[in-house]
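Participant: Data file query-v8.cif (mmCIF, C-alpha atoms and all ligand atoms) is appended below.
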data_entry
loop_
_atom_site.label_atom_id
_atom_site.label_comp_id
_atom_site.auth_asym_id
_atom_site.auth_seq_id
_atom_site.Cartn_x
_atom_site.Cartn_y
_atom_site.Cartn_z
CA MET A 1 147.59 128.05 -48.97
CA GLU A 2 148.61 131.31 -50.63
CA PHE A 3 151.73 133.45 -50.75
CA ASN A 4 152.24 137.20 -50.55
CA ALA A 5 154.24 138.99 -53.25
CA ASP A 6 157.31 138.98 -50.97
CA GLY A 7 157.18 135.17 -50.62
CA THR A 8 155.76 135.09 -47.11
CA ILE A 9 152.82 132.77 -46.45
CA LYS A 10 149.39 134.32 -46.10
CA LEU A 11 147.47 133.59 -42.91
CA VAL A 12 145.70 130.27 -43.49
CA THR A 13 141.92 130.21 -43.01
CA PRO A 14 140.32 126.74 -42.77
CA THR A 15 137.68 126.71 -45.50
CA ASN A 16 136.05 123.27 -45.22
CA ALA A 17 135.58 123.53 -48.99
CA VAL A 18 136.22 120.88 -51.65
CA THR A 19 136.27 121.79 -55.34
CA ASN A 20 134.62 119.34 -57.74
CA LYS A 21 135.60 118.60 -61.35
CA ASP A 22 132.83 120.84 -62.75
CA GLY A 23 134.09 123.80 -60.72
CA SER A 24 131.31 123.53 -58.15
CA ILE A 25 132.33 123.48 -54.50
CA ASP A 26 131.01 121.52 -51.52
CA LEU A 27 131.53 123.07 -48.14
CA ILE A 28 130.50 122.77 -44.54
CA ALA A 29 129.58 125.97 -42.73
CA ASN A 30 131.28 126.41 -39.40
CA GLY A 31 129.77 129.54 -37.86
CA ASN A 32 130.05 132.94 -39.47
CA PRO A 33 131.15 134.02 -41.97
CA LEU A 34 129.38 131.32 -43.94
CA PHE A 35 131.88 131.02 -46.78
CA ARG A 36 135.61 131.33 -46.20
CA HIS A 37 137.11 130.26 -49.53
CA VAL A 38 135.68 133.25 -51.40
CA HIS A 39 134.53 136.78 -50.57
CA THR A 40 130.77 137.23 -50.83
CA ALA A 41 128.37 140.14 -50.34
CA ASP A 42 124.80 141.34 -50.93
CA ALA A 43 123.19 137.93 -50.34
CA ALA A 44 119.66 137.39 -51.63
CA ALA A 45 117.97 134.27 -50.27
CA TYR A 46 115.21 132.36 -52.01
CA VAL A 47 113.41 129.26 -50.74
CA GLU A 48 112.10 126.60 -53.11
CA GLY A 49 110.78 123.40 -51.55
CA ASP A 50 113.29 122.08 -49.06
CA THR A 51 116.18 124.08 -50.54
CA LEU A 52 117.47 127.48 -49.58
CA TRP A 53 119.17 129.23 -52.46
CA LEU A 54 121.56 132.08 -51.84
CA PHE A 55 122.54 134.42 -54.66
CA ALA A 56 125.49 136.58 -53.74
CA GLY A 57 127.77 139.28 -55.02
CA HIS A 58 131.43 138.36 -55.32
CA ASP A 59 134.19 140.63 -54.05
CA GLU A 60 137.31 139.54 -55.85
CA ASP A 61 140.33 138.52 -53.80
CA ASP A 62 142.52 141.25 -55.27
CA ALA A 63 139.99 144.04 -54.65
CA PRO A 64 141.69 147.22 -53.41
CA ASN A 65 140.62 148.65 -50.05
CA ASN A 66 138.85 151.65 -51.54
CA GLU A 67 136.85 150.35 -54.51
CA TYR A 68 134.57 147.45 -55.45
CA LYS A 69 135.96 144.79 -57.77
CA MET A 70 132.95 142.65 -58.68
CA THR A 71 132.39 140.99 -62.06
CA ASP A 72 130.13 137.99 -61.45
CA TRP A 73 127.49 136.64 -59.10
CA LEU A 74 127.62 133.38 -57.15
CA THR A 75 124.94 130.78 -56.41
CA PHE A 76 124.86 128.61 -53.30
CA SER A 77 122.29 126.09 -52.08
CA THR A 78 121.65 124.09 -48.94
CA THR A 79 118.95 121.90 -47.43
CA ASP A 80 120.19 121.96 -43.83
CA LEU A 81 122.06 125.31 -43.44
CA LYS A 82 125.23 123.36 -42.70
CA HIS A 83 126.17 121.63 -45.95
CA TRP A 84 126.39 124.09 -48.83
CA HIS A 85 126.99 123.64 -52.54
CA GLN A 86 128.46 126.45 -54.63
CA HIS A 87 127.26 126.05 -58.21
CA PRO A 88 129.29 126.99 -61.30
CA VAL A 89 128.88 130.69 -62.10
CA GLY A 90 125.52 131.24 -63.82
CA LEU A 91 125.74 134.97 -64.52
CA ASP A 92 128.50 137.49 -64.99
CA ILE A 93 128.51 141.13 -65.96
CA SER A 94 129.51 140.43 -69.57
CA ALA A 95 125.94 139.12 -70.13
CA PHE A 96 124.80 142.77 -70.08
CA LYS A 97 126.45 144.35 -73.13
CA TRP A 98 125.11 147.81 -72.19
CA ALA A 99 126.72 147.67 -68.73
CA THR A 100 129.88 149.54 -69.61
CA SER A 101 130.52 150.05 -65.88
CA LYS A 102 131.36 146.30 -65.79
CA GLN A 103 130.32 146.25 -62.13
CA ALA A 104 128.31 143.37 -60.72
CA PHE A 105 126.59 145.01 -57.76
CA ALA A 106 123.72 143.59 -55.70
CA GLY A 107 121.06 141.35 -57.25
CA HIS A 108 118.01 139.23 -56.48
CA VAL A 109 116.49 136.14 -58.17
CA ALA A 110 112.73 135.52 -58.44
CA LYS A 111 110.69 132.78 -60.14
CA ARG A 112 107.62 133.30 -62.31
CA ASN A 113 105.83 131.22 -64.92
CA GLY A 114 108.48 128.50 -64.71
CA LYS A 115 111.42 130.83 -65.39
CA TYR A 116 113.99 132.44 -63.12
CA TYR A 117 114.75 136.15 -63.34
CA TRP A 118 117.94 137.62 -61.93
CA TYR A 119 117.71 141.38 -61.30
CA VAL A 120 121.09 143.03 -60.87
CA SER A 121 122.67 146.41 -60.25
CA THR A 122 125.50 147.55 -62.44
CA ASN A 123 126.22 150.76 -60.51
CA TRP A 124 125.71 153.78 -62.80
CA CYS A 125 124.45 151.82 -65.86
CA GLY A 126 121.18 150.84 -64.18
CA ILE A 127 119.33 147.69 -63.20
CA GLY A 128 119.29 144.74 -65.60
CA VAL A 129 117.30 141.52 -65.71
CA ALA A 130 118.56 138.15 -66.90
CA VAL A 131 116.49 135.02 -67.44
CA SER A 132 117.03 131.27 -67.34
CA ASP A 133 114.95 128.10 -67.40
CA LYS A 134 117.14 126.71 -64.65
CA ILE A 135 117.77 128.31 -61.28
CA THR A 136 121.50 127.71 -61.65
CA GLY A 137 121.61 129.26 -65.11
CA PRO A 138 123.20 130.02 -67.44
CA TYR A 139 121.27 133.32 -67.40
CA LYS A 140 121.08 135.64 -70.40
CA ASP A 141 120.06 139.28 -70.67
CA ALA A 142 116.24 139.20 -70.94
CA ILE A 143 115.70 142.53 -72.71
CA GLY A 144 119.06 143.71 -74.06
CA LYS A 145 118.83 147.02 -72.18
CA PRO A 146 118.48 148.17 -68.59
CA LEU A 147 115.07 147.69 -66.99
CA LEU A 148 115.60 150.83 -64.89
CA THR A 149 118.09 153.68 -65.13
CA ASN A 150 118.86 156.89 -63.26
CA LYS A 151 116.10 158.56 -65.31
CA ASP A 152 113.60 156.39 -63.42
CA CYS A 153 114.91 157.64 -60.08
CA ARG A 154 113.10 160.94 -59.65
CA GLY A 155 114.64 163.20 -57.00
CA SER A 156 118.08 161.57 -57.21
CA SER A 157 120.99 163.14 -59.05
CA HIS A 158 123.96 160.97 -58.04
CA SER A 159 125.26 158.38 -60.49
CA TRP A 160 124.67 155.32 -58.26
CA ALA A 161 121.00 156.10 -57.48
CA CYS A 162 119.62 153.17 -59.49
CA ILE A 163 120.98 150.14 -57.62
CA ASP A 164 119.97 147.31 -55.31
CA PRO A 165 116.84 145.70 -56.80
CA ALA A 166 114.76 143.45 -54.55
CA ILE A 167 111.71 141.55 -55.75
CA PHE A 168 108.64 140.84 -53.66
CA ILE A 169 105.78 138.68 -54.95
CA ASP A 170 102.67 139.32 -52.88
CA ASP A 171 100.06 136.77 -51.82
CA ASP A 172 97.85 137.83 -54.75
CA ASN A 173 100.82 137.04 -57.06
CA THR A 174 101.58 140.70 -57.91
CA PRO A 175 105.33 141.15 -58.41
CA TYR A 176 107.01 144.33 -57.12
CA ILE A 177 110.51 145.66 -57.60
CA ILE A 178 112.00 147.86 -54.86
CA TRP A 179 115.37 149.60 -55.28
CA GLY A 180 117.41 152.76 -54.80
CA ASN A 181 120.20 154.60 -53.08
CA ARG A 182 119.33 157.57 -50.81
CA GLN A 183 115.75 157.37 -52.13
CA CYS A 184 113.75 154.16 -52.03
CA TYR A 185 111.60 153.39 -55.10
CA ILE A 186 108.92 150.80 -55.76
CA ALA A 187 106.98 149.74 -58.86
CA LYS A 188 104.86 146.83 -60.00
CA LEU A 189 106.28 144.47 -62.58
CA LYS A 190 104.19 143.10 -65.43
CA ASP A 191 103.49 139.36 -65.52
CA ASN A 192 106.40 138.97 -67.97
CA MET A 193 108.76 140.27 -65.20
CA THR A 194 110.66 142.35 -67.75
CA GLU A 195 108.55 145.53 -67.85
CA ILE A 196 107.48 148.06 -65.24
CA ASP A 197 103.71 148.12 -64.78
CA GLY A 198 102.45 151.66 -64.12
CA GLU A 199 104.04 154.38 -62.06
CA ILE A 200 107.21 154.37 -60.03
CA HIS A 201 106.61 155.51 -56.43
CA GLN A 202 109.05 156.92 -53.94
CA LEU A 203 108.73 155.59 -50.38
CA ASP A 204 108.84 158.05 -47.49
CA LEU A 205 110.91 156.44 -44.71
CA GLY A 206 111.43 159.60 -42.64
CA ASN A 207 114.66 161.25 -41.56
CA ASP A 208 115.40 159.62 -38.20
CA PHE A 209 116.83 156.47 -39.76
CA PRO A 210 117.68 157.69 -43.26
CA PHE A 211 117.45 155.17 -46.08
CA THR A 212 120.82 154.61 -47.74
CA GLU A 213 120.32 151.51 -49.93
CA ALA A 214 119.71 147.74 -49.99
CA PRO A 215 115.91 147.44 -49.54
CA TRP A 216 114.41 144.01 -48.86
CA VAL A 217 110.67 143.32 -48.42
CA HIS A 218 109.15 140.36 -46.63
CA LYS A 219 105.69 139.71 -45.22
CA ARG A 220 104.65 138.13 -41.93
CA ASP A 221 101.17 137.81 -40.45
CA GLY A 222 99.74 140.19 -43.08
CA LYS A 223 102.27 142.97 -42.36
CA TYR A 224 104.93 144.16 -44.78
CA TYR A 225 108.49 144.62 -43.51
CA LEU A 226 110.99 146.77 -45.40
CA THR A 227 114.54 146.23 -44.15
CA TYR A 228 117.29 148.51 -45.43
CA ALA A 229 120.74 149.98 -44.87
CA VAL A 230 120.56 153.19 -42.82
CA SER A 231 122.97 156.13 -42.70
CA TRP A 232 126.78 155.80 -43.21
CA PRO A 233 128.64 153.70 -42.26
CA GLU A 234 125.53 151.63 -42.62
CA ARG A 235 123.40 150.07 -39.91
CA MET A 236 120.34 147.89 -40.44
CA GLY A 237 116.93 149.47 -40.01
CA TYR A 238 113.40 148.53 -40.90
CA ALA A 239 109.90 149.84 -41.35
CA ILE A 240 106.45 148.19 -41.15
CA SER A 241 103.32 148.81 -43.19
CA ASP A 242 99.86 147.39 -43.86
CA ASN A 243 100.23 148.39 -47.50
CA ILE A 244 103.33 147.81 -49.60
CA MET A 245 102.94 151.27 -51.19
CA GLY A 246 102.92 152.86 -47.73
CA PRO A 247 102.63 154.68 -45.47
CA TRP A 248 105.61 152.93 -43.87
CA LYS A 249 106.33 153.33 -40.17
CA PRO A 250 110.09 153.47 -39.45
CA MET A 251 110.85 151.09 -36.55
CA GLY A 252 114.51 151.91 -35.86
CA LEU A 253 117.60 149.72 -35.98
CA ILE A 254 117.94 145.95 -35.63
CA ASP A 255 121.65 145.62 -36.32
CA GLY A 256 124.72 147.84 -35.98
CA ILE A 257 127.66 148.62 -38.23
CA ALA A 258 128.80 145.41 -39.94
CA GLY A 259 132.18 145.21 -38.21
CA ASN A 260 134.87 146.50 -40.56
CA SER A 261 132.50 146.83 -43.55
CA ASN A 262 130.98 150.23 -44.20
CA THR A 263 128.04 148.59 -45.98
CA THR A 264 125.45 146.11 -44.83
CA HIS A 265 122.79 144.44 -46.98
CA PRO A 266 119.78 142.47 -45.70
CA SER A 267 117.95 139.40 -46.89
CA ILE A 268 115.21 137.82 -44.76
CA VAL A 269 113.37 134.56 -45.49
CA LYS A 270 111.50 131.84 -43.65
CA PHE A 271 113.11 128.45 -44.14
CA LYS A 272 111.74 125.30 -42.50
CA ASP A 273 109.78 127.30 -39.88
CA GLN A 274 112.75 129.45 -38.98
CA TRP A 275 113.26 133.11 -39.92
CA LEU A 276 116.76 133.76 -41.24
CA TYR A 277 118.61 137.04 -41.61
CA PHE A 278 121.58 137.43 -43.96
CA THR A 279 123.94 140.35 -44.31
CA HIS A 280 127.68 140.74 -44.83
CA ASP A 281 130.71 142.00 -42.92
CA GLY A 282 134.47 142.01 -43.50
CA SER A 283 135.27 139.30 -41.00
CA LEU A 284 137.62 137.09 -43.01
CA HIS A 285 141.26 137.56 -42.00
CA ASP A 286 141.89 139.77 -45.04
CA GLY A 287 138.42 141.31 -45.08
CA HIS A 288 137.38 144.94 -45.33
CA SER A 289 134.63 147.02 -46.94
CA TYR A 290 135.50 145.71 -50.41
CA LYS A 291 136.33 142.11 -49.42
CA ARG A 292 133.19 141.13 -47.58
CA SER A 293 131.66 137.89 -46.33
CA VAL A 294 128.05 136.80 -46.03
CA VAL A 295 126.82 136.00 -42.53
CA MET A 296 123.62 134.22 -41.50
CA LYS A 297 121.79 134.83 -38.24
CA ASN A 298 118.56 133.92 -36.57
CA LEU A 299 115.73 136.46 -36.75
CA GLU A 300 113.04 136.65 -34.09
CA TYR A 301 109.97 138.80 -33.50
CA ASN A 302 108.43 140.30 -30.39
CA ALA A 303 104.78 139.56 -29.64
CA ASP A 304 103.75 142.90 -31.21
CA GLY A 305 105.39 141.94 -34.53
CA SER A 306 108.47 144.13 -34.12
CA ILE A 307 111.84 142.53 -34.91
CA LYS A 308 114.16 141.72 -32.01
CA PRO A 309 117.63 143.29 -32.26
CA ILE A 310 119.76 140.73 -34.08
CA ASP A 311 122.43 140.52 -31.40
CA SER A 312 119.84 139.53 -28.81
CA THR A 313 118.82 136.37 -30.69
CA PRO A 314 120.52 133.04 -30.06
CA SER A 315 123.23 132.07 -32.51
CA LEU A 316 121.90 129.94 -35.31
CA ILE A 317 125.00 128.05 -36.32
CA LYS A 318 127.66 126.73 -34.01
O1 LIG B 401 128.15 145.40 -53.42
C1 LIG B 401 128.09 146.65 -54.04
C2 LIG B 401 127.17 147.58 -53.28
O2 LIG B 401 127.59 147.66 -51.92
C3 LIG B 401 125.74 147.10 -53.18
O3 LIG B 401 125.02 147.32 -54.37
C4 LIG B 401 125.27 147.87 -52.00
O4 LIG B 401 124.08 147.41 -51.43
C5 LIG B 401 126.45 147.71 -51.06
O5 LIG B 401 126.37 146.50 -50.36
#
Produce structure tokens that represent the structure in this file.

Facilitator:
Amino acid sequence: MEFNADGTIKLVTPTNAVTNKDGSIDLIANGNPLFRHVHTADAAAYVEGDTLWLFAGHDEDDAPNNEYKMTDWLTFSTTDLKHWHQHPVGLDISAFKWATSKQAFAGHVAKRNGKYYWYVSTNWCGIGVAVSDKITGPYKDAIGKPLLTNKDCRGSSHSWACIDPAIFIDDDNTPYIIWGNRQCYIAKLKDNMTEIDGEIHQLDLGNDFPFTEAPWVHKRDGKYYLTYAVSWPERMGYAISDNIMGPWKPMGLIDGIAGNSNTTHPSIVKFKDQWLYFTHDGSLHDGHSYKRSVVMKNLEYNADGSIKPIDSTPSLIK
């Protein structure tokens, strides 16, 4: 229970969350939003064995309603989509000494050669990469400098062009990094995961559903899917391709404006034979564009491989 500055009691939201001695939290999801004891955004899902890991941005409770206040990233795991464990914080923005913006924007964790790599946006300071032997961290800056900066974002001149990294490891084990704001960029990563391998390419996604940010790549039945935030306020769109470098065919929208949040941010994975779609909205009682909450929904495909509009799929969690 919390109080307002004037002594009145804040609206109580049942959280179903219990804090453990080590600071970790056990909670039971009860519909959307998934987590109600903390504001979360920019979820990036990762499946390892029978566990679904969710790495999320963290909108702080005292964030103003016109600016992000994000300084660390959160790690959640589940084996049944109902019981979740929030691990102690494994990475915060202070790990990146060069990130004078001090802003912990969207990130994505990938595994290679027995190590875990957490790629993060820091707004105008660029994209960093942190490494750990354990998925829960602690993570430390892997290279002591940004992996990508605005200089790597040809054709963009705004300060927040170099954000929103997503990693895709193809069936032949080639790792790719995809990122950007207004322009979508892609490059191969070297086997060490800390260097760009070759040229950076810009993806042409057309003008009908303009790319804003938050790219996410997944593959199904040999086809590549690029899901991303479209326009402003953002909606969710996607494109399909036979080749990750393109050409990409824009397929339109699968989800609308995320309620009272002007951003949306996709993550799509297959977990235990079920395709899952994560994004965020501002649906907690005190939520808005800068106090967001991760939501999880079912994702289904039509027979031709196109994605069904999210609202038309049955609800995943009761
Ligand atoms: O969370 C900060 C920024 O908002 C992310 O980097 C964008 O994708 C948008 O969700």

Participant: Padding 3 Å on each side, edges along x, y and z: where is the centre of the box around the listed atoms of ligand LIG 401 (chain B), and how long are its edges in Å to one decimal? Output it as AutoDock Vina command-line options.

Facilitator:
--center_x 126.1 --center_y 146.6 --center_z -52.4 --size_x 10.1 --size_y 8.5 --size_z 10.0

Participant: Please produce, as JSON lines, a per-residue contact table for chain A versus ligand LIG 401 (chain B) (criterion: any atom at most 7 Å away, all atoms listed in the file considered), showing the nearest atom pair and its distance in Å to one decimal, sorted by chain then residue number.

Facilitator:
{"residue": "A:Ala41", "atom": "CA", "partner": "B:LIG401", "partner_atom": "O1", "distance": 6.1}
{"residue": "A:Asp42", "atom": "CA", "partner": "B:LIG401", "partner_atom": "O5", "distance": 5.4}
{"residue": "A:Gly57", "atom": "CA", "partner": "B:LIG401", "partner_atom": "O1", "distance": 6.3}
{"residue": "A:Tyr68", "atom": "CA", "partner": "B:LIG401", "partner_atom": "C1", "distance": 6.7}
{"residue": "A:Phe105", "atom": "CA", "partner": "B:LIG401", "partner_atom": "C1", "distance": 4.3}
{"residue": "A:Ala106", "atom": "CA", "partner": "B:LIG401", "partner_atom": "O3", "distance": 4.2}
{"residue": "A:Ser121", "atom": "CA", "partner": "B:LIG401", "partner_atom": "O3", "distance": 6.4}
{"residue": "A:Ile163", "atom": "CA", "partner": "B:LIG401", "partner_atom": "O3", "distance": 5.9}
{"residue": "A:Asp164", "atom": "CA", "partner": "B:LIG401", "partner_atom": "O3", "distance": 5.1}
{"residue": "A:Glu213", "atom": "CA", "partner": "B:LIG401", "partner_atom": "O4", "distance": 5.8}
{"residue": "A:Ala214", "atom": "CA", "partner": "B:LIG401", "partner_atom": "O4", "distance": 4.6}
{"residue": "A:Thr263", "atom": "CA", "partner": "B:LIG401", "partner_atom": "O5", "distance": 5.1}
{"residue": "A:Thr264", "atom": "CA", "partner": "B:LIG401", "partner_atom": "O5", "distance": 5.6}
{"residue": "A:His265", "atom": "CA", "partner": "B:LIG401", "partner_atom": "O5", "distance": 5.3}

Participant: Quick one, how far is CA of Asn181 in chain A from CA of Lys291 in chain A?

Facilitator: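 Computed distance, CA of Asn181 in chain A to CA of Lys291 in chain A, equals 20.7 Å.
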
Participant: Applying 7 Å and all atoms listed in the file, which residues near His83 in chain A remain after dropping the ones on its own chain fewer than 4 positions away? List them as a list in words.

Facilitator: Leu27, Ile28, Ala29 and Thr78 of chain A

Participant: So the first atom is CA of Val47 in chain A and the second is CA of Lys272 in chain A; what is the distance between them in Å, to one decimal place?

Facilitator: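 Atom-to-atom, CA of Val47 in chain A and CA of Lys272 in chain A are spaced 9.3 Å apart.
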
Participant: Which residue is closest to His201 in chain A? Choose from A:Lys21, A:Arg112, A:His285, A:Arg154 and count only C-alpha atoms.

Facilitator: A:Arg154

Participant: Go ahead and compute the interatomic distance for CA of Thr136 in chain A and CA of Leu54 in chain A, in Å to one decimal.

Facilitator: 10.7 Å

Participant: Go through A:Ala239, A:Ile244, A:Ala303, A:Leu253 and flag the residue nearest Gly222 in chain A, using all atoms listed in the file for the distances.

Facilitator: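 The shortest atom-to-atom distance to Gly222 in chain A comes from A:Ile244.
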
Participant: What lies within 12 Å of Asp311 in chain A using only C-alpha atoms, ignoring chain neighbours under 3 positions off, as a PyMOL selection string?

Facilitator: chain A and resi 236+253-258+277+296-300+307-308+314-316

Participant: Within 12 Å of (147.4, 137.2, -45.4), only C-alpha atoms: residues as a list in words?

Facilitator: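 Residues satisfying the cut-off, written out: Met1, Glu2, Phe3, Asn4, Ala5, Asp6, Gly7, Thr8, Ile9, Lys10, Leu11, Val12, Thr13, Asp61, Asp62, Leu284, His285, Asp286 and Gly287 of chain A.
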
Participant: Limited to C-alpha atoms, could you put the picked residues into a file as a short mmCIF file (atom, residue, chain, number, x, y, z; two decimals), keeping the file's coordinate frame?

Facilitator:
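Printed below is again.cif as written:
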data_model
loop_
_atom_site.label_atom_id
_atom_site.label_comp_id
_atom_site.auth_asym_id
_atom_site.auth_seq_id
_atom_site.Cartn_x
_atom_site.Cartn_y
_atom_site.Cartn_z
CA MET A 1 147.59 128.05 -48.97
CA GLU A 2 148.61 131.31 -50.63
CA PHE A 3 151.73 133.45 -50.75
CA ASN A 4 152.24 137.20 -50.55
CA ALA A 5 154.24 138.99 -53.25
CA ASP A 6 157.31 138.98 -50.97
CA GLY A 7 157.18 135.17 -50.62
CA THR A 8 155.76 135.09 -47.11
CA ILE A 9 152.82 132.77 -46.45
CA LYS A 10 149.39 134.32 -46.10
CA LEU A 11 147.47 133.59 -42.91
CA VAL A 12 145.70 130.27 -43.49
CA THR A 13 141.92 130.21 -43.01
CA ASP A 61 140.33 138.52 -53.80
CA ASP A 62 142.52 141.25 -55.27
CA LEU A 284 137.62 137.09 -43.01
CA HIS A 285 141.26 137.56 -42.00
CA ASP A 286 141.89 139.77 -45.04
CA GLY A 287 138.42 141.31 -45.08
#

Participant: Around the point (133.1, 145.5, -37.9) (coordinates from the file), which residues reach within 8 Å if we count all atoms listed in the file? Answer as a ChimeraX atom specification.

Facilitator: /A:257-261,281-283

Participant: Find the spatial neighbours of Gly49 in chain A, counting all atoms listed in the file, within a cut-off of 12 Å - ignore same-chain residues fewer than 4 positions away - and output them as a PyMOL selection string.

Facilitator: chain A and resi 53+77-79+270-272

Participant: Which residue is closest to Asn192 in chain A? Choose from A:Asn113, A:Ser231, A:Ala166, A:Asp152 and count all atoms listed in the file.

Facilitator: A:Asn113

Participant: As a list in words, please: the residues near Asn173 in chain A (cut-off 12 Å, only C-alpha atoms, same-chain neighbours under 6 positions excluded).

Facilitator: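 The residues satisfying every condition are Lys111, Arg112, Asn113, Ile167, Lys188, Leu189, Lys190, Asp191 and Met193 of chain A.
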
Participant: Which residues are close to Asn150 in chain A, i.e. within 10 Å by only C-alpha atoms, leaving aside same-chain residues fewer than 6 positions away? Reply as a list of chain:residue names.

Facilitator: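 Listed by chain and then number, they are A:Asn123, A:Trp124, A:Cys125, A:Gly126, A:Ile127, A:Ser156, A:Ser157, A:His158, A:Ser159, A:Trp160, A:Ala161, A:Cys162, A:Ile163, A:Gly180.
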
Participant: Choose the residue, out of A:Ala99, A:Leu203, A:Trp84, A:Thr174, that has the smallest atom-to-atom separation from Gly144 in chain A; count only C-alpha atoms.

Facilitator: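 For Gly144 in chain A, the nearest of the given residues is A:Ala99.
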